[in-house]
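Student: One structure follows; several queries about it will come next.
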Amino acid sequence: MRAVYVEVRRPDRLALFMRNVGIPAEVVAGIRAQPGWATLEAIAPTLAYDDEVLGGGSVPRDLASTIAVPALVLAGGASPQSLRRAAKATADALPSAEHRTLDGQTHDVAPDALAPVLVEFFGRSAASADDAG
């Protein structure tokens, strides 16, 4: 994929990446029409590396199994099925992960839906650290 990203015009790299991770073409077209597209394009040079790390869409289970830090892997209940599956697969690969679905949320999670989940997770993590110490 790195060669493909280099060959593709910079404005098209982001769209290609989005399509590769399963975002429907019509959704990509809608995002592309938004004022924030130019800001997103700024990450285009990193997309080949992102794709490489993602291994073409598979979770690097061997590497993930070595991560002992507690993790919270979230998915939006209204996100594309491919993203929800990826979040679940990632959580399953991490030995100390918790997977949760945020009902009604997409990949662009609303802060008021995200904040309480993070406060609860990090509150538990801090309490566990205090109990261990």
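In the structure tokens, chains take letters A, B, ... by order of appearance, with residues numbered from 1 within each chain and ligands from 1 in the order shown.
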With 12 Å as the cut-off and only C-alpha atoms counted, what is the closest atom pair between each nearby residue of segment 89-127 of chain A and segment 19-39 of chain A? Distances in Å to one decimal, ordered by chain and number, as CSV.
Tutor:
residue,atom,partner,partner_atom,distance
A:Thr106,CA,A:Ile23,CA,11.9
A:His107,CA,A:Ile23,CA,10.6
A:Asp108,CA,A:Ile31,CA,11.8
Student: Would you write out those residues with N, CA and C atoms, as a PDB file, in the first residue's frame?
Tutor:
ATOM      1  N   THR A 106     -21.357   7.303  16.550  1.00  0.00           N
ATOM      2  CA  THR A 106     -20.615   6.913  15.362  1.00  0.00           C
ATOM      3  C   THR A 106     -19.131   6.948  15.702  1.00  0.00           C
ATOM      4  N   HIS A 107     -18.293   6.955  14.675  1.00  0.00           N
ATOM      5  CA  HIS A 107     -16.845   7.064  14.875  1.00  0.00           C
ATOM      6  C   HIS A 107     -16.501   8.434  15.454  1.00  0.00           C
ATOM      7  N   ASP A 108     -17.372   9.401  15.230  1.00  0.00           N
ATOM      8  CA  ASP A 108     -17.206  10.760  15.743  1.00  0.00           C
ATOM      9  C   ASP A 108     -18.040  10.873  17.021  1.00  0.00           C
TER      10      ASP A 108
END
Student: Skipping near chain neighbours, those fewer than 3 positions away, what residues fall within 12 Å of segment 65-74 of chain A using only C-alpha atoms, listed as number ranges by chain?
Tutor: A: 59-62, 77, 79, 83-103, 105-109, 113-114, 117-122, 124-126, 128-129
Student: Between atom CA of Ala64 of chain A and atom CA of Leu47 of chain A, measure the distance and give it in Å to one decimal.
Tutor: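 It comes out at 20.7 Å.
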Student: Please extract the residues of segment 35-109 of chain A with a backbone DSSP assignment of alpha helix (DSSP H) and present them as a PyMOL selection string.
Tutor: chain A and resi 37-41+47-53+61-64+81-93
Student: Dump C-alpha atoms for the selected residues as a PDB file, in the first residue's frame?
Tutor:
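Below is the file that was written, result.pdb:
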ATOM      1  CA  TRP A  37     -11.422  17.994   4.786  1.00  0.00           C
ATOM      2  CA  ALA A  38      -8.336  20.203   4.295  1.00  0.00           C
ATOM      3  CA  THR A  39      -7.365  19.667   7.918  1.00  0.00           C
ATOM      4  CA  LEU A  40      -7.760  15.915   7.527  1.00  0.00           C
ATOM      5  CA  GLU A  41      -5.639  16.013   4.374  1.00  0.00           C
ATOM      6  CA  LEU A  47      -1.525   7.145   5.949  1.00  0.00           C
ATOM      7  CA  ALA A  48       0.855   4.652   4.349  1.00  0.00           C
ATOM      8  CA  TYR A  49       2.347   4.027   7.784  1.00  0.00           C
ATOM      9  CA  ASP A  50      -1.110   3.735   9.353  1.00  0.00           C
ATOM     10  CA  ASP A  51      -2.048   1.171   6.727  1.00  0.00           C
ATOM     11  CA  GLU A  52       1.172  -0.742   7.349  1.00  0.00           C
ATOM     12  CA  VAL A  53       0.579  -0.812  11.107  1.00  0.00           C
ATOM     13  CA  ARG A  61      -2.258 -10.314  17.772  1.00  0.00           C
ATOM     14  CA  ASP A  62       1.306 -11.340  18.654  1.00  0.00           C
ATOM     15  CA  LEU A  63       2.246  -7.755  19.417  1.00  0.00           C
ATOM     16  CA  ALA A  64      -1.068  -6.941  21.102  1.00  0.00           C
ATOM     17  CA  GLN A  81     -19.860  -2.828  11.209  1.00  0.00           C
ATOM     18  CA  SER A  82     -16.226  -3.086  10.065  1.00  0.00           C
ATOM     19  CA  LEU A  83     -15.131  -0.556  12.701  1.00  0.00           C
ATOM     20  CA  ARG A  84     -17.146  -2.271  15.428  1.00  0.00           C
ATOM     21  CA  ARG A  85     -15.596  -5.635  14.491  1.00  0.00           C
ATOM     22  CA  ALA A  86     -12.125  -4.083  14.505  1.00  0.00           C
ATOM     23  CA  ALA A  87     -12.668  -2.642  17.984  1.00  0.00           C
ATOM     24  CA  LYS A  88     -13.871  -6.006  19.311  1.00  0.00           C
ATOM     25  CA  ALA A  89     -10.953  -7.859  17.688  1.00  0.00           C
ATOM     26  CA  THR A  90      -8.513  -5.360  19.186  1.00  0.00           C
ATOM     27  CA  ALA A  91      -9.991  -5.756  22.664  1.00  0.00           C
ATOM     28  CA  ASP A  92      -9.933  -9.544  22.319  1.00  0.00           C
ATOM     29  CA  ALA A  93      -6.235  -9.418  21.392  1.00  0.00           C
TER      30      ALA A  93
END
Student: Can you pull out every residue from chain A that DSSP, working from the backbone, puts in strand (DSSP E or B), and format the result as a count of residues only?
Tutor: 12
